[in-house]
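> I have a structure here, written as structure tokens, and I will follow up with some questions on it.
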Amino acid sequence: MKVAIIPGNGSGDVFHANWYGWAHEKINNLSGVTSDLQNMPDPITARENIWIPFMRDKMSCDESTVIIGHSSGAEAAMRFAESYKVKGIILVSACVTDLGDENERESGYYSRPWEWQKIKANTDFIVQFGSTDDPFIPWEEHQQVADGLQPELYKFSDRGHFMNSVFPELINVVKSKLC
């Protein structure tokens, strides 16, 4: 089983940003599971037309892959699953609009309606993590994702944008789905 961690935009070296490197190491320590974490091309704008092919061709995301996406990476995971079968997607701080931000608008993820049914048809499972105190994404955005995908939802009130250095609940979910 394979896990691909797709970071949010603007995170610098992903191995030292947020919980990404920590989760990558923890997942690689699980029996029979490998994790792929890479510095993404176009890391500031996170353009869909660059990230989706990179995920497919360089990270080899396929039907045996669980994609963990954070922030812009969550939108990339959802758009990827609209077109390609994956084992599952785990969304952290996902949203459905560009929130009025020009850089987010340029990414291309928000230029058309979300195809919830295609995403659900192309995944065995969907998990969503969101927090009501997220300083960047209002809860209404998280809720729209939840309404569209009917995921296994983990709703917090004290995690902000999930930018901590550890994320034990994520590892527990990965274990429950893959081990």
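In the structure tokens, chains take the letters A, B, ... in the order shown, each chain's residues start at 1, and ligands count up from 1 in the order shown.
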When you look at Glu75 (chain A) with a cut-off of 9 Å (counting only C-alpha atoms), what residues show up, excluding the ones that are within fewer than 5 positions of it in the same chain? I need them as a PyMOL selection string.

chain A and resi 48+69-70+80+91+94-96+109-110

> What would the file look like if the residues just selected were written as a CSV table (one decimal), in the first residue's frame with C-alpha atoms?


chain,number,residue,atom,x,y,z
A,48,GLU,CA,-3.5,22.2,-10.9
A,69,GLY,CA,-3.8,16.4,1.0
A,70,HIS,CA,-3.4,19.5,3.2
A,80,PHE,CA,-7.0,14.1,-8.9
A,91,LEU,CA,-8.4,15.7,3.3
A,94,ALA,CA,-10.0,21.4,2.4
A,95,CYS,CA,-12.1,24.2,0.8
A,96,VAL,CA,-14.2,24.7,-2.3
A,109,TYR,CA,-8.7,24.3,-8.7
A,110,TYR,CA,-11.7,26.5,-8.3

> Just want the 10 Å neighbourhood of Asp42 (chain A), counted on only C-alpha atoms, with same-chain residues fewer than 6 positions away dropped. Output as number ranges by chain.

A: 9-10, 48, 50-51, 107

> Filtering to C-alpha atoms, could you give me those residues as a compact mmCIF listing (two decimals), in the first residue's frame?


# COMPACT_ATOMS: atom_id res chain seq x y z
CA ASN A 9 1.23 25.71 -1.15
CA GLY A 10 4.03 27.90 0.13
CA GLU A 48 -3.55 22.18 -10.94
CA ILE A 50 1.33 21.18 -12.92
CA TRP A 51 0.49 19.33 -9.69
CA SER A 107 -4.15 27.58 -9.08

> Nearest residue to Arg105 (chain A) out of A:Ile5, A:Phe167, A:Phe15, A:Thr45, using only C-alpha atoms?

A:Thr45

> Go through region 83-176 of chain A and collect every residue that DSSP, computed from the backbone, puts in alpha helix (DSSP H); the answer should be as a ChimeraX atom specification.

/A:83,102-107,116-121,139-149,168-176

> Name the residues in contact with Asn164 (chain A) at a cut-off of 10 Å, using only C-alpha atoms, excluding same-chain residues fewer than 3 positions from it; report them as a PyMOL selection string.

chain A and resi 17-20+159-161+167

> Using only C-alpha atoms, which protein or nucleic acid residues come within 9 Å of region 149-152 of chain A? Drop anything in the same chain fewer than 4 positions from it, and give the result as a VMD selection string.

chain A and resid 116 to 117 119 to 120 125 to 129 144 to 145
